[in-house]
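Participant: The structure file run-v6.cif (mmCIF, C-alpha atoms and all ligand atoms) is provided below.
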data_target
loop_
_atom_site.label_atom_id
_atom_site.label_comp_id
_atom_site.auth_asym_id
_atom_site.auth_seq_id
_atom_site.Cartn_x
_atom_site.Cartn_y
_atom_site.Cartn_z
CA MET A 56 29.58 3.94 3.38
CA GLY A 57 32.18 3.07 0.79
CA PRO A 58 30.84 0.79 -1.93
CA ALA A 59 32.11 -2.77 -2.05
CA THR A 60 34.29 -3.51 -5.06
CA GLY A 61 32.07 -4.24 -8.04
CA ALA A 62 28.98 -3.03 -6.17
CA ASN A 63 25.94 -2.08 -8.23
CA PRO A 64 25.30 1.66 -7.93
CA LEU A 65 21.61 1.15 -7.07
CA VAL A 66 19.75 -2.04 -6.24
CA VAL A 67 15.95 -1.85 -5.95
CA LEU A 68 14.19 -4.74 -4.21
CA GLY A 69 10.63 -5.30 -5.45
CA ALA A 70 9.02 -4.21 -8.72
CA GLY A 71 5.68 -3.18 -7.23
CA TYR A 72 4.25 0.34 -7.23
CA ALA A 73 7.14 1.65 -5.11
CA GLY A 74 10.14 -0.20 -6.59
CA LEU A 75 9.14 0.11 -10.23
CA THR A 76 8.70 3.87 -9.82
CA VAL A 77 12.08 4.32 -8.09
CA ALA A 78 13.82 2.39 -10.89
CA ARG A 79 12.03 4.29 -13.66
CA GLU A 80 12.61 7.73 -12.09
CA VAL A 81 16.29 7.11 -11.30
CA ALA A 82 16.83 5.88 -14.87
CA ARG A 83 15.05 8.99 -16.17
CA LEU A 84 16.86 11.50 -13.94
CA GLY A 85 20.18 9.80 -13.24
CA GLY A 86 20.76 8.30 -16.66
CA ARG A 87 23.95 6.34 -17.21
CA GLU A 88 25.48 7.71 -14.04
CA LEU A 89 23.35 5.37 -11.91
CA PRO A 90 22.54 2.05 -13.56
CA VAL A 91 19.79 0.22 -11.66
CA VAL A 92 19.39 -3.46 -10.82
CA LEU A 93 15.71 -4.19 -10.11
CA VAL A 94 15.09 -7.51 -8.33
CA ASP A 95 11.69 -9.22 -8.26
CA ARG A 96 10.60 -12.83 -8.06
CA HIS A 97 8.24 -12.27 -11.00
CA PRO A 98 9.03 -10.91 -14.48
CA VAL A 99 5.87 -8.78 -14.28
CA HIS A 100 4.57 -5.81 -12.30
CA VAL A 101 1.28 -6.85 -10.68
CA LEU A 102 -1.57 -4.31 -10.66
CA ARG A 103 -2.38 -5.21 -7.10
CA THR A 104 -5.01 -2.51 -6.60
CA GLU A 105 -7.23 -4.37 -9.09
CA LEU A 106 -7.01 -7.83 -7.54
CA TYR A 107 -10.47 -7.54 -5.95
CA GLU A 108 -11.87 -8.16 -9.46
CA VAL A 109 -12.50 -11.86 -8.84
CA GLY A 110 -15.57 -11.84 -11.09
CA ARG A 111 -13.43 -10.86 -14.09
CA LEU A 112 -10.66 -13.22 -12.96
CA ALA A 113 -13.17 -16.10 -12.79
CA ALA A 114 -14.40 -15.56 -16.36
CA PRO A 115 -13.58 -18.51 -18.63
CA GLY A 116 -10.42 -17.70 -20.59
CA ALA A 117 -9.68 -14.57 -18.49
CA ASP A 118 -6.43 -13.01 -19.75
CA LEU A 119 -4.19 -12.52 -16.69
CA GLY A 120 -2.25 -9.95 -18.71
CA ARG A 121 -4.96 -7.47 -17.70
CA TRP A 122 -3.60 -7.51 -14.13
CA THR A 123 0.11 -7.42 -14.99
CA VAL A 124 2.65 -5.35 -16.91
CA PRO A 125 5.75 -7.21 -18.21
CA LEU A 126 8.90 -5.62 -16.75
CA ALA A 127 10.74 -6.18 -20.04
CA GLU A 128 8.17 -3.88 -21.66
CA VAL A 129 8.67 -1.13 -19.05
CA PHE A 130 12.46 -1.27 -19.02
CA GLY A 131 13.48 -1.78 -22.61
CA ASP A 132 16.66 0.27 -22.24
CA ALA A 133 19.95 -0.62 -20.62
CA ALA A 134 19.64 1.79 -17.66
CA VAL A 135 17.61 -0.77 -15.66
CA THR A 136 18.57 -4.44 -15.46
CA VAL A 137 15.72 -6.64 -14.29
CA ARG A 138 16.85 -9.63 -12.25
CA GLU A 139 14.22 -12.32 -11.71
CA ALA A 140 15.09 -13.73 -8.29
CA THR A 141 13.71 -14.14 -4.79
CA VAL A 142 15.29 -11.94 -2.14
CA GLU A 143 16.37 -14.23 0.71
CA GLY A 144 18.36 -11.90 2.94
CA ILE A 145 19.69 -8.35 3.22
CA ASP A 146 23.09 -7.78 4.84
CA LEU A 147 23.27 -4.08 5.67
CA ALA A 148 26.78 -4.29 7.14
CA ALA A 149 28.29 -6.09 4.12
CA ARG A 150 26.06 -4.04 1.78
CA GLU A 151 24.83 -7.00 -0.19
CA VAL A 152 21.57 -8.80 -0.90
CA ARG A 153 21.28 -12.59 -0.93
CA THR A 154 18.98 -13.85 -3.66
CA SER A 155 17.94 -17.22 -5.10
CA THR A 156 20.30 -16.55 -8.03
CA GLY A 157 23.31 -15.26 -6.12
CA THR A 158 24.59 -12.32 -4.11
CA VAL A 159 24.03 -8.74 -5.28
CA PRO A 160 26.33 -6.10 -3.75
CA PHE A 161 25.02 -2.54 -3.64
CA ARG A 162 26.14 1.01 -3.07
CA PHE A 163 22.60 2.38 -2.66
CA LEU A 164 19.57 0.23 -1.83
CA ALA A 165 15.79 0.74 -2.00
CA ILE A 166 13.75 -1.84 -0.08
CA ALA A 167 10.24 -2.06 -1.58
CA LEU A 168 9.15 -5.66 -1.00
CA GLY A 169 5.51 -4.84 -0.19
CA SER A 170 3.55 -6.73 2.45
CA VAL A 171 1.98 -10.11 3.23
CA ALA A 172 -1.24 -11.11 5.00
CA ALA A 173 -1.14 -10.67 8.78
CA TYR A 174 -3.08 -13.37 10.64
CA TYR A 175 -2.56 -12.02 14.20
CA GLY A 176 -2.15 -15.55 15.56
CA VAL A 177 -5.77 -16.50 14.71
CA PRO A 178 -5.68 -20.33 14.60
CA GLY A 179 -6.65 -21.78 11.23
CA ALA A 180 -6.52 -18.45 9.37
CA PRO A 181 -3.35 -19.21 7.33
CA GLU A 182 -4.57 -22.72 6.40
CA PHE A 183 -8.27 -22.22 5.76
CA THR A 184 -8.60 -18.76 4.19
CA HIS A 185 -8.02 -17.33 0.74
CA GLN A 186 -6.47 -13.90 0.09
CA VAL A 187 -6.24 -11.40 -2.75
CA TYR A 188 -2.96 -9.76 -1.80
CA ARG A 189 -1.16 -11.67 -4.55
CA LEU A 190 -2.26 -12.46 -8.10
CA SER A 191 -1.88 -16.22 -7.52
CA GLY A 192 -4.14 -15.96 -4.45
CA ALA A 193 -6.77 -13.93 -6.29
CA VAL A 194 -6.78 -16.44 -9.18
CA ARG A 195 -7.17 -19.37 -6.75
CA LEU A 196 -10.05 -17.61 -5.01
CA ALA A 197 -11.79 -16.77 -8.30
CA ARG A 198 -11.58 -20.39 -9.44
CA ALA A 199 -12.80 -21.71 -6.06
CA ILE A 200 -15.89 -19.46 -6.16
CA ARG A 201 -16.60 -20.38 -9.77
CA GLU A 202 -16.54 -24.10 -8.88
CA ILE A 203 -18.80 -23.59 -5.87
CA GLU A 204 -21.22 -21.51 -7.93
CA ALA A 205 -21.22 -24.06 -10.76
CA ALA A 206 -22.26 -26.73 -8.25
CA SER A 207 -24.80 -24.50 -6.48
CA PRO A 208 -27.95 -25.61 -8.38
CA ALA A 209 -27.54 -29.04 -6.73
CA LEU A 210 -27.49 -27.64 -3.17
CA PRO A 211 -30.32 -28.96 -0.98
CA GLY A 212 -33.48 -26.83 -0.72
CA GLU A 213 -33.04 -23.11 -1.20
CA ARG A 214 -29.51 -23.00 0.19
CA ALA A 215 -27.11 -20.65 -1.59
CA PRO A 216 -23.31 -20.75 -1.29
CA ARG A 217 -22.11 -18.61 1.59
CA LEU A 218 -18.85 -16.65 1.44
CA VAL A 219 -17.31 -14.90 4.42
CA VAL A 220 -14.94 -11.97 3.87
CA VAL A 221 -12.94 -10.99 6.97
CA GLY A 222 -11.83 -7.35 7.22
CA GLY A 223 -13.79 -4.12 6.80
CA GLY A 224 -11.08 -2.03 5.12
CA SER A 225 -11.20 -1.11 1.44
CA THR A 226 -9.91 -4.51 0.23
CA GLY A 227 -12.56 -6.51 2.14
CA THR A 228 -15.31 -4.08 1.17
CA GLU A 229 -14.44 -4.06 -2.54
CA LEU A 230 -14.10 -7.82 -2.62
CA ALA A 231 -17.39 -8.50 -0.81
CA ALA A 232 -19.27 -6.17 -3.19
CA GLU A 233 -17.60 -7.72 -6.24
CA ILE A 234 -18.51 -11.30 -5.22
CA ALA A 235 -22.09 -10.35 -4.33
CA THR A 236 -22.76 -8.52 -7.61
CA THR A 237 -21.00 -10.82 -10.09
CA ASP A 238 -23.43 -12.59 -12.44
CA TRP A 239 -22.33 -16.12 -11.56
CA ALA A 240 -25.10 -17.71 -13.65
CA ARG A 241 -23.77 -16.04 -16.81
CA LEU A 242 -20.21 -16.88 -15.84
CA THR A 243 -20.82 -20.56 -15.10
CA GLY A 244 -23.48 -21.16 -17.75
CA VAL A 245 -25.75 -22.89 -15.21
CA ALA A 246 -28.57 -21.59 -12.98
CA ALA A 247 -26.06 -20.66 -10.28
CA ARG A 248 -27.57 -19.32 -7.07
CA THR A 249 -26.63 -15.79 -5.95
CA PRO A 250 -24.13 -16.25 -3.11
CA GLU A 251 -24.79 -14.99 0.36
CA VAL A 252 -21.85 -12.72 1.21
CA VAL A 253 -21.02 -11.84 4.81
CA LEU A 254 -18.46 -9.13 5.60
CA VAL A 255 -17.01 -9.49 9.10
CA VAL A 256 -15.73 -6.05 9.99
CA GLY A 257 -14.32 -6.94 13.43
CA SER A 258 -13.69 -4.47 16.22
CA LEU A 259 -12.25 -1.71 14.00
CA PRO A 260 -14.78 0.71 12.45
CA PHE A 261 -15.98 -0.06 8.90
CA LEU A 262 -13.61 1.63 6.37
CA ALA A 263 -11.57 3.12 9.24
CA GLY A 264 -9.65 6.22 8.18
CA PHE A 265 -11.90 7.07 5.20
CA PRO A 266 -13.91 10.34 5.18
CA PRO A 267 -17.26 9.88 7.04
CA SER A 268 -19.40 10.90 4.03
CA LEU A 269 -17.66 8.30 1.83
CA VAL A 270 -18.20 5.66 4.54
CA GLU A 271 -21.93 6.44 4.65
CA HIS A 272 -22.37 6.05 0.89
CA ALA A 273 -20.23 2.92 0.86
CA ARG A 274 -22.35 1.35 3.61
CA ASP A 275 -25.51 2.13 1.67
CA LEU A 276 -24.14 0.75 -1.63
CA LEU A 277 -22.84 -2.36 0.10
CA ARG A 278 -26.32 -3.01 1.54
CA LYS A 279 -27.83 -2.56 -1.94
CA ALA A 280 -25.25 -5.03 -3.30
CA GLY A 281 -26.72 -7.56 -0.86
CA VAL A 282 -23.72 -7.86 1.48
CA ALA A 283 -24.53 -8.62 5.14
CA VAL A 284 -22.19 -6.80 7.53
CA ILE A 285 -21.26 -8.08 10.99
CA SER A 286 -19.53 -5.41 13.10
CA GLY A 287 -17.94 -5.21 16.51
CA THR A 288 -16.77 -8.79 16.92
CA ASN A 289 -13.46 -10.29 15.82
CA VAL A 290 -12.74 -13.65 14.24
CA VAL A 291 -11.06 -15.87 16.86
CA ARG A 292 -10.67 -19.15 14.95
CA VAL A 293 -11.10 -20.52 11.45
CA GLU A 294 -11.72 -24.15 10.55
CA ASP A 295 -12.46 -25.81 7.26
CA ARG A 296 -15.66 -24.00 6.15
CA ARG A 297 -16.33 -22.52 9.58
CA VAL A 298 -15.58 -19.12 11.09
CA HIS A 299 -15.75 -18.61 14.87
CA LEU A 300 -16.45 -15.10 16.16
CA GLU A 301 -15.52 -13.65 19.55
CA ASP A 302 -19.19 -13.46 20.62
CA GLY A 303 -19.65 -17.22 20.14
CA THR A 304 -21.27 -17.02 16.68
CA VAL A 305 -20.17 -19.75 14.29
CA LEU A 306 -20.57 -18.99 10.58
CA ALA A 307 -20.78 -22.10 8.41
CA CYS A 308 -19.62 -21.19 4.90
CA ASP A 309 -18.11 -22.43 1.65
CA VAL A 310 -15.19 -20.01 1.35
CA VAL A 311 -13.42 -17.62 3.72
CA VAL A 312 -11.31 -14.73 2.44
CA TRP A 313 -8.83 -12.99 4.75
CA CYS A 314 -8.57 -9.24 4.15
CA ALA A 315 -7.96 -8.32 7.78
CA GLY A 316 -4.50 -6.84 7.59
CA LEU A 317 -0.97 -6.77 6.32
CA GLU A 318 2.53 -6.96 7.69
CA ALA A 319 6.06 -6.75 6.31
CA PRO A 320 7.37 -9.93 4.65
CA PRO A 321 9.80 -11.99 6.83
CA VAL A 322 12.91 -10.90 4.89
CA VAL A 323 12.07 -7.30 5.83
CA ALA A 324 10.67 -7.90 9.33
CA GLY A 325 13.84 -9.83 10.28
CA LEU A 326 16.22 -6.92 9.68
CA PRO A 327 18.09 -5.71 12.79
CA VAL A 328 16.83 -2.11 12.51
CA PRO A 329 13.93 -0.18 14.10
CA ARG A 330 10.57 -1.63 13.00
CA SER A 331 6.87 -1.19 13.74
CA ARG A 332 4.76 -3.96 15.33
CA ALA A 333 3.83 -5.11 11.83
CA GLY A 334 7.54 -5.41 10.99
CA ARG A 335 7.58 -2.32 8.75
CA LEU A 336 10.90 -0.49 8.62
CA ARG A 337 10.93 2.85 10.42
CA VAL A 338 12.52 5.52 8.25
CA GLU A 339 13.89 9.03 8.59
CA PRO A 340 12.01 11.88 6.85
CA THR A 341 14.42 11.32 3.92
CA LEU A 342 13.07 7.71 3.76
CA GLU A 343 16.49 6.32 4.71
CA LEU A 344 16.88 3.77 7.49
CA PRO A 345 18.25 5.43 10.66
CA GLY A 346 22.06 5.26 10.67
CA GLN A 347 22.12 3.73 7.15
CA PRO A 348 22.78 6.51 4.65
CA GLY A 349 21.93 5.44 1.12
CA VAL A 350 19.61 2.61 2.27
CA PHE A 351 15.96 3.54 1.69
CA ALA A 352 12.69 1.76 2.55
CA LEU A 353 9.29 2.64 1.09
CA GLY A 354 5.83 1.42 0.16
CA ASP A 355 4.09 -1.21 2.28
CA SER A 356 7.47 -2.40 3.66
CA ALA A 357 8.08 0.92 5.43
CA GLU A 358 6.47 2.85 8.25
CA VAL A 359 6.56 6.42 6.97
CA ARG A 360 5.58 9.30 9.23
CA ASP A 361 4.84 12.69 7.74
CA PRO A 362 7.16 15.07 9.65
CA THR A 363 4.70 18.00 9.47
CA SER A 364 1.44 16.28 10.49
CA GLY A 365 3.06 13.50 12.55
CA LEU A 366 0.60 11.08 10.90
CA LEU A 367 1.58 7.78 9.28
CA ALA A 368 1.33 7.62 5.50
CA PRO A 369 -1.19 4.89 4.58
CA ALA A 370 -0.08 1.56 3.10
CA THR A 371 -1.46 2.38 -0.35
CA ALA A 372 -0.21 2.44 -3.91
CA GLN A 373 -0.82 6.18 -3.94
CA ALA A 374 1.55 6.72 -0.99
CA ALA A 375 4.07 4.22 -2.43
CA LEU A 376 4.28 6.22 -5.69
CA ALA A 377 4.76 9.52 -3.83
CA GLU A 378 7.47 8.00 -1.63
CA ALA A 379 9.20 6.52 -4.69
CA ARG A 380 9.59 9.91 -6.32
CA VAL A 381 11.31 11.25 -3.19
CA VAL A 382 13.55 8.17 -2.90
CA ALA A 383 14.59 8.48 -6.56
CA GLY A 384 15.57 12.13 -6.03
CA ASN A 385 17.41 11.31 -2.81
CA VAL A 386 19.41 8.44 -4.34
CA ILE A 387 20.61 10.84 -7.02
CA ALA A 388 21.33 13.50 -4.37
CA ARG A 389 23.43 10.97 -2.40
CA ALA A 390 25.36 10.04 -5.56
CA ARG A 391 26.07 13.72 -6.28
CA ASP A 392 26.66 14.75 -2.64
CA GLY A 393 23.66 17.07 -2.89
CA PRO A 394 21.01 17.92 -0.27
CA LEU A 395 18.28 15.34 0.44
CA ARG A 396 14.53 16.10 0.41
CA THR A 397 12.13 15.13 3.17
CA PHE A 398 8.89 13.30 2.41
CA THR A 399 5.51 14.88 3.13
CA TYR A 400 2.29 13.08 2.25
CA ARG A 401 -0.62 14.78 0.44
CA GLU A 402 -3.55 12.53 -0.36
CA LYS A 403 -4.99 13.19 -3.81
CA GLY A 404 -8.20 11.29 -3.13
CA VAL A 405 -9.59 7.89 -2.21
CA ALA A 406 -12.05 5.62 -4.00
CA VAL A 407 -13.76 2.32 -3.24
CA ALA A 408 -15.40 0.09 -5.89
CA LEU A 409 -18.74 -1.34 -4.76
CA GLY A 410 -19.81 -3.66 -7.57
CA LEU A 411 -22.18 -3.19 -10.54
CA GLY A 412 -20.32 -0.12 -11.75
CA GLN A 413 -20.95 1.66 -8.43
CA GLY A 414 -18.46 3.22 -6.06
CA ALA A 415 -17.76 5.92 -3.50
CA ALA A 416 -14.90 8.41 -3.69
CA SER A 417 -13.59 11.47 -1.97
CA VAL A 418 -11.45 13.94 -3.91
CA ARG A 419 -10.32 17.23 -2.37
CA HIS A 420 -13.03 17.13 0.35
CA LEU A 421 -15.72 16.42 -2.25
CA THR A 422 -17.58 13.11 -1.98
CA ILE A 423 -18.96 11.47 -5.09
CA TRP A 424 -20.75 8.15 -5.28
CA GLY A 425 -22.52 5.79 -7.63
CA ARG A 426 -21.43 5.52 -11.23
CA PRO A 427 -19.19 8.64 -11.41
CA ALA A 428 -17.11 7.37 -8.48
CA ALA A 429 -16.66 3.93 -10.08
CA LEU A 430 -15.73 5.53 -13.43
CA LEU A 431 -13.19 7.80 -11.74
CA LYS A 432 -11.54 4.86 -9.97
CA ARG A 433 -11.45 2.82 -13.17
CA ALA A 434 -9.98 5.74 -15.15
CA VAL A 435 -7.19 6.25 -12.60
CA GLU A 436 -6.34 2.53 -12.53
CA ARG A 437 -6.32 2.19 -16.32
CA GLU A 438 -4.25 5.35 -16.83
CA TYR A 439 -1.71 3.97 -14.33
CA ALA A 440 -1.55 0.65 -16.22
CA ARG A 441 -1.30 2.35 -19.63
CA ALA A 442 1.46 4.79 -18.66
CA THR A 443 3.42 2.16 -16.70
CA ALA A 444 3.46 -0.23 -19.65
CA ARG A 445 5.01 2.55 -21.76
CA GLY A 446 7.64 3.32 -19.14
CA GLU A 447 6.02 6.71 -18.48
CA ALA A 448 4.98 8.40 -15.25
CA PRO A 449 1.17 8.18 -14.82
CA SER A 450 -0.38 11.64 -15.06
CA VAL A 451 -3.05 11.09 -12.41
CA LEU A 452 -1.25 9.65 -9.37
C1 LIG A 501 -7.35 -5.76 -3.54
C2 LIG A 501 -6.53 -4.54 -3.23
C3 LIG A 501 -7.01 -3.27 -3.59
C4 LIG A 501 -6.24 -2.13 -3.34
N1 LIG A 501 -6.72 -0.92 -3.73
C5 LIG A 501 -5.96 0.18 -3.58
C6 LIG A 501 -6.40 1.45 -4.08
O1 LIG A 501 -7.53 1.57 -4.60
N2 LIG A 501 -5.57 2.51 -3.97
C7 LIG A 501 -4.33 2.42 -3.40
O2 LIG A 501 -3.61 3.42 -3.36
N3 LIG A 501 -3.89 1.24 -2.89
C8 LIG A 501 -4.66 0.12 -2.96
N4 LIG A 501 -4.21 -1.09 -2.48
C9 LIG A 501 -2.92 -1.15 -1.75
C10 LIG A 501 -1.75 -1.25 -2.71
O3 LIG A 501 -1.93 -2.32 -3.60
C11 LIG A 501 -0.44 -1.43 -1.94
O4 LIG A 501 -0.33 -0.44 -0.96
C12 LIG A 501 0.74 -1.33 -2.92
O5 LIG A 501 0.73 -2.48 -3.75
C13 LIG A 501 2.07 -1.19 -2.18
O6 LIG A 501 3.09 -1.09 -3.14
P1 LIG A 501 4.52 -1.72 -2.85
O7 LIG A 501 5.36 -1.39 -4.02
O8 LIG A 501 4.99 -1.35 -1.50
O9 LIG A 501 4.25 -3.30 -2.80
P2 LIG A 501 3.75 -4.27 -3.96
O10 LIG A 501 3.01 -3.55 -4.99
O11 LIG A 501 3.06 -5.40 -3.27
O12 LIG A 501 5.11 -4.80 -4.59
C14 LIG A 501 6.02 -5.60 -3.89
C15 LIG A 501 6.87 -6.35 -4.90
O13 LIG A 501 7.88 -7.06 -4.22
C16 LIG A 501 8.01 -8.36 -4.77
N5 LIG A 501 8.53 -9.23 -3.72
C17 LIG A 501 8.02 -9.41 -2.47
N6 LIG A 501 8.81 -10.23 -1.78
C18 LIG A 501 9.84 -10.60 -2.59
C19 LIG A 501 10.99 -11.39 -2.42
N7 LIG A 501 11.28 -12.00 -1.26
N8 LIG A 501 11.83 -11.53 -3.46
C20 LIG A 501 11.59 -10.89 -4.65
N9 LIG A 501 10.52 -10.10 -4.86
C21 LIG A 501 9.66 -9.96 -3.83
C22 LIG A 501 6.61 -8.72 -5.22
O14 LIG A 501 6.64 -9.70 -6.24
C23 LIG A 501 6.09 -7.37 -5.72
O15 LIG A 501 6.34 -7.18 -7.09
C24 LIG A 501 -4.98 -2.26 -2.70
C25 LIG A 501 -4.49 -3.52 -2.34
C26 LIG A 501 -5.25 -4.66 -2.60
C27 LIG A 501 -4.72 -6.01 -2.21
#
If you took the structure in this file and wrote it as structure tokens, what would it be?

Facilitator:
Amino acid sequence: MGPATGANPLVVLGAGYAGLTVAREVARLGGRELPVVLVDRHPVHVLRTELYEVGRLAAPGADLGRWTVPLAEVFGDAAVTVREATVEGIDLAAREVRTSTGTVPFRFLAIALGSVAAYYGVPGAPEFTHQVYRLSGAVRLARAIREIEAASPALPGERAPRLVVVGGGSTGTELAAEIATTDWARLTGVAARTPEVVLVVGSLPFLAGFPPSLVEHARDLLRKAGVAVISGTNVVRVEDRRVHLEDGTVLACDVVVWCAGLEAPPVVAGLPVPRSRAGRLRVEPTLELPGQPGVFALGDSAEVRDPTSGLLAPATAQAALAEARVVAGNVIARARDGPLRTFTYREKGVAVALGLGQGAASVRHLTIWGRPAALLKRAVEREYARATARGEAPSVL
């Protein structure tokens, strides 16, 4: 495990929830002893958990700075060097990373490159659907809906624009509610017609994995938001403005959004190490890759199993932040030849936004819904953004 000559003590790949937190915590705890190189293709940290807000994103003159935090603001000091580059390959044997701006050798590595949309081989899905997993995708979707809504008064008869959201997890649910409850007439300045929003849940249960009482309230609020839900049948093909379901139904529509699942990005999924079906890197309880001491994987790029419960940690920002704190400690432990900690996952709570200032949340076995749930979610998100921009640890996650 000897470092290559001139190797950077710690290289962190990805400045999302996981990578940014590792870099900040190592800089805080390891100080000058462990300078960090943080590589991301963007000079900003994207607040991905808020990308369902397409109504806000579609507003004329929307300031995209609301959904991003500049990395230069977070890491003003010399302990973390931000390198704006695309990661093109990871060579675990040579202990170096290939990037669009050159090779970066490392002694310790944290792989936190997030995830990309998984299309499961559904023909037409990559070409004909939008997604909100990246800021650019969410902006494109917001603009597409705004244009369709602006043109809606000229539609024949009573027809309203129809939008199909595929995927009944929290992203699809939040997005469907947001589109259905946005005041498009105010936003476009014309008598825009309220869109018909259809959420195709597929064969998985609606909001699978969420507490049953939260699911019940969410279903109720989604109905009140005017979202039609189709359950029990998967999408088998997508064409331009047409979605084909397994049961033979064909949904004609103006926009399709794909929220049906995620997988590891190719640069991660191509690594010659144990991986899940979605290409996520399997890790030891210390969050290191098996047989690769000092190489960690976390966040959406990793498949993390809690050693006590045997359950997988969810692919959420909340889990990514918890994993990052353990990785930061373990990098420092490796540098000092100290003992490593194992990761155990404790969920602090879950919340789903359901449009019009409504939501459903579950915190410590207590379910809340309506306005208090939406306010709680908003408060957590804003506190995260505020603390992160100041280079501080958020107090609530
Ligand atoms: C609409 C939506 C709502 C969500 N709501 C919630 C929620 O309420 N609560 C919750 O806990 N989670 C939520 N999530 C999930 C959460 O956003 C993810 O689990 C979280 O972003 C994972 O963090 P990460 O650091 O692993 O990846 P990311 O935050 O995606 O960060 C990955 C980083 O890697 C960079 N990167 C990727 N590939 C390359 C490359 N080749 N070269 C250079 N840089 C690269 C990206 O630019 C990015 O900065 C939501 C997700 C979405 C899409």

Participant: Which residue is closest to ligand LIG 501 (chain A)? Choose from A:Gln373, A:Asn63, A:Thr397, A:Thr304 and count all atoms listed in the file.

Facilitator: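 Using all atoms listed in the file, the shortest distance to ligand LIG 501 (chain A) belongs to A:Gln373.
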
Participant: What's the 7 Å shell around range 282-290 of chain A, counting all atoms listed in the file, without same-chain residues fewer than 5 positions away, as a list in words?

Facilitator: Ala231, Ala232, Ala235, Val252, Val253, Leu254, Val255, Val256, Gly257, Ser258, Leu277, Val298, His299, Leu300, Glu301 and Asp302 of chain A

Participant: Between A:Glu143, A:Glu339, A:Asp132, A:Glu294, which has the minimum distance to ligand LIG 501 (chain A) (counting all atoms listed in the file)?

Facilitator: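 Going through A:Glu143, A:Glu339, A:Asp132, A:Glu294 one by one, the smallest distance to ligand LIG 501 (chain A) is for A:Glu143.
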
Participant: Considering all atoms listed in the file, can you say which of A:Pro266, A:Pro98, A:Pro90, A:Gly85 comes closest to ligand LIG 501 (chain A)?

Facilitator: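 Answer, going by the shortest atom-to-atom distance: A:Pro98.
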
Participant: Compare A:Ala370, A:Cys308, A:Ala333, A:Leu190 by their minimum atom-to-atom distance to ligand LIG 501 (chain A), counting all atoms listed in the file, and give me the closest one.

Facilitator: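 Selected residue with least distance to ligand LIG 501 (chain A): A:Ala370.
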
Participant: Taking all atoms listed in the file into account, produce a table as CSV in which each residue of range 258-349 of chain A with an atom at most 10 Å from an atom of range 382-387 of chain A appears once, together with its shortest atom pair and the distance in Å to one decimal, ordered by chain and rising number.

Facilitator:
residue,atom,partner,partner_atom,distance
A:Thr341,CA,A:Asn385,CA,7.4
A:Leu342,CA,A:Val382,CA,6.7
A:Glu343,CA,A:Val382,CA,8.4
A:Pro348,CA,A:Val386,CA,9.8
A:Gly349,CA,A:Val386,CA,6.7

Participant: Using CA of Glu139 in chain A and CA of Pro329 in chain A as the two end points, give the distance in Å to one decimal.

Facilitator: 28.5 Å

Participant: Ligand LIG 501 (chain A): which residues are within 7 Å, counting only C-alpha atoms and all ligand atoms? Reply as a PyMOL selection string.

Facilitator: chain A and resi 68-74+94-97+100-101+103-107+140-143+167-170+187-188+225-226+320+322+353-356+370-375+405-407

Participant: Next, write the just-selected residues to a file, as a short mmCIF file (atom, residue, chain, number, x, y, z; two decimals), keeping the file's coordinate frame, keeping C-alpha atoms as the atom set.

Facilitator:
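File produced: selection.cif:
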data_model
loop_
_atom_site.label_atom_id
_atom_site.label_comp_id
_atom_site.auth_asym_id
_atom_site.auth_seq_id
_atom_site.Cartn_x
_atom_site.Cartn_y
_atom_site.Cartn_z
CA LEU A 68 14.19 -4.74 -4.21
CA GLY A 69 10.63 -5.30 -5.45
CA ALA A 70 9.02 -4.21 -8.72
CA GLY A 71 5.68 -3.18 -7.23
CA TYR A 72 4.25 0.34 -7.23
CA ALA A 73 7.14 1.65 -5.11
CA GLY A 74 10.14 -0.20 -6.59
CA VAL A 94 15.09 -7.51 -8.33
CA ASP A 95 11.69 -9.22 -8.26
CA ARG A 96 10.60 -12.83 -8.06
CA HIS A 97 8.24 -12.27 -11.00
CA HIS A 100 4.57 -5.81 -12.30
CA VAL A 101 1.28 -6.85 -10.68
CA ARG A 103 -2.38 -5.21 -7.10
CA THR A 104 -5.01 -2.51 -6.60
CA GLU A 105 -7.23 -4.37 -9.09
CA LEU A 106 -7.01 -7.83 -7.54
CA TYR A 107 -10.47 -7.54 -5.95
CA ALA A 140 15.09 -13.73 -8.29
CA THR A 141 13.71 -14.14 -4.79
CA VAL A 142 15.29 -11.94 -2.14
CA GLU A 143 16.37 -14.23 0.71
CA ALA A 167 10.24 -2.06 -1.58
CA LEU A 168 9.15 -5.66 -1.00
CA GLY A 169 5.51 -4.84 -0.19
CA SER A 170 3.55 -6.73 2.45
CA VAL A 187 -6.24 -11.40 -2.75
CA TYR A 188 -2.96 -9.76 -1.80
CA SER A 225 -11.20 -1.11 1.44
CA THR A 226 -9.91 -4.51 0.23
CA PRO A 320 7.37 -9.93 4.65
CA VAL A 322 12.91 -10.90 4.89
CA LEU A 353 9.29 2.64 1.09
CA GLY A 354 5.83 1.42 0.16
CA ASP A 355 4.09 -1.21 2.28
CA SER A 356 7.47 -2.40 3.66
CA ALA A 370 -0.08 1.56 3.10
CA THR A 371 -1.46 2.38 -0.35
CA ALA A 372 -0.21 2.44 -3.91
CA GLN A 373 -0.82 6.18 -3.94
CA ALA A 374 1.55 6.72 -0.99
CA ALA A 375 4.07 4.22 -2.43
CA VAL A 405 -9.59 7.89 -2.21
CA ALA A 406 -12.05 5.62 -4.00
CA VAL A 407 -13.76 2.32 -3.24
#

Participant: Using only C-alpha atoms, which of the listed residues (A:Val66, A:Ala199, A:Ile234, A:Val194) sits closest to Thr158 in chain A?

Facilitator: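 Answer, going by the shortest atom-to-atom distance: A:Val66.
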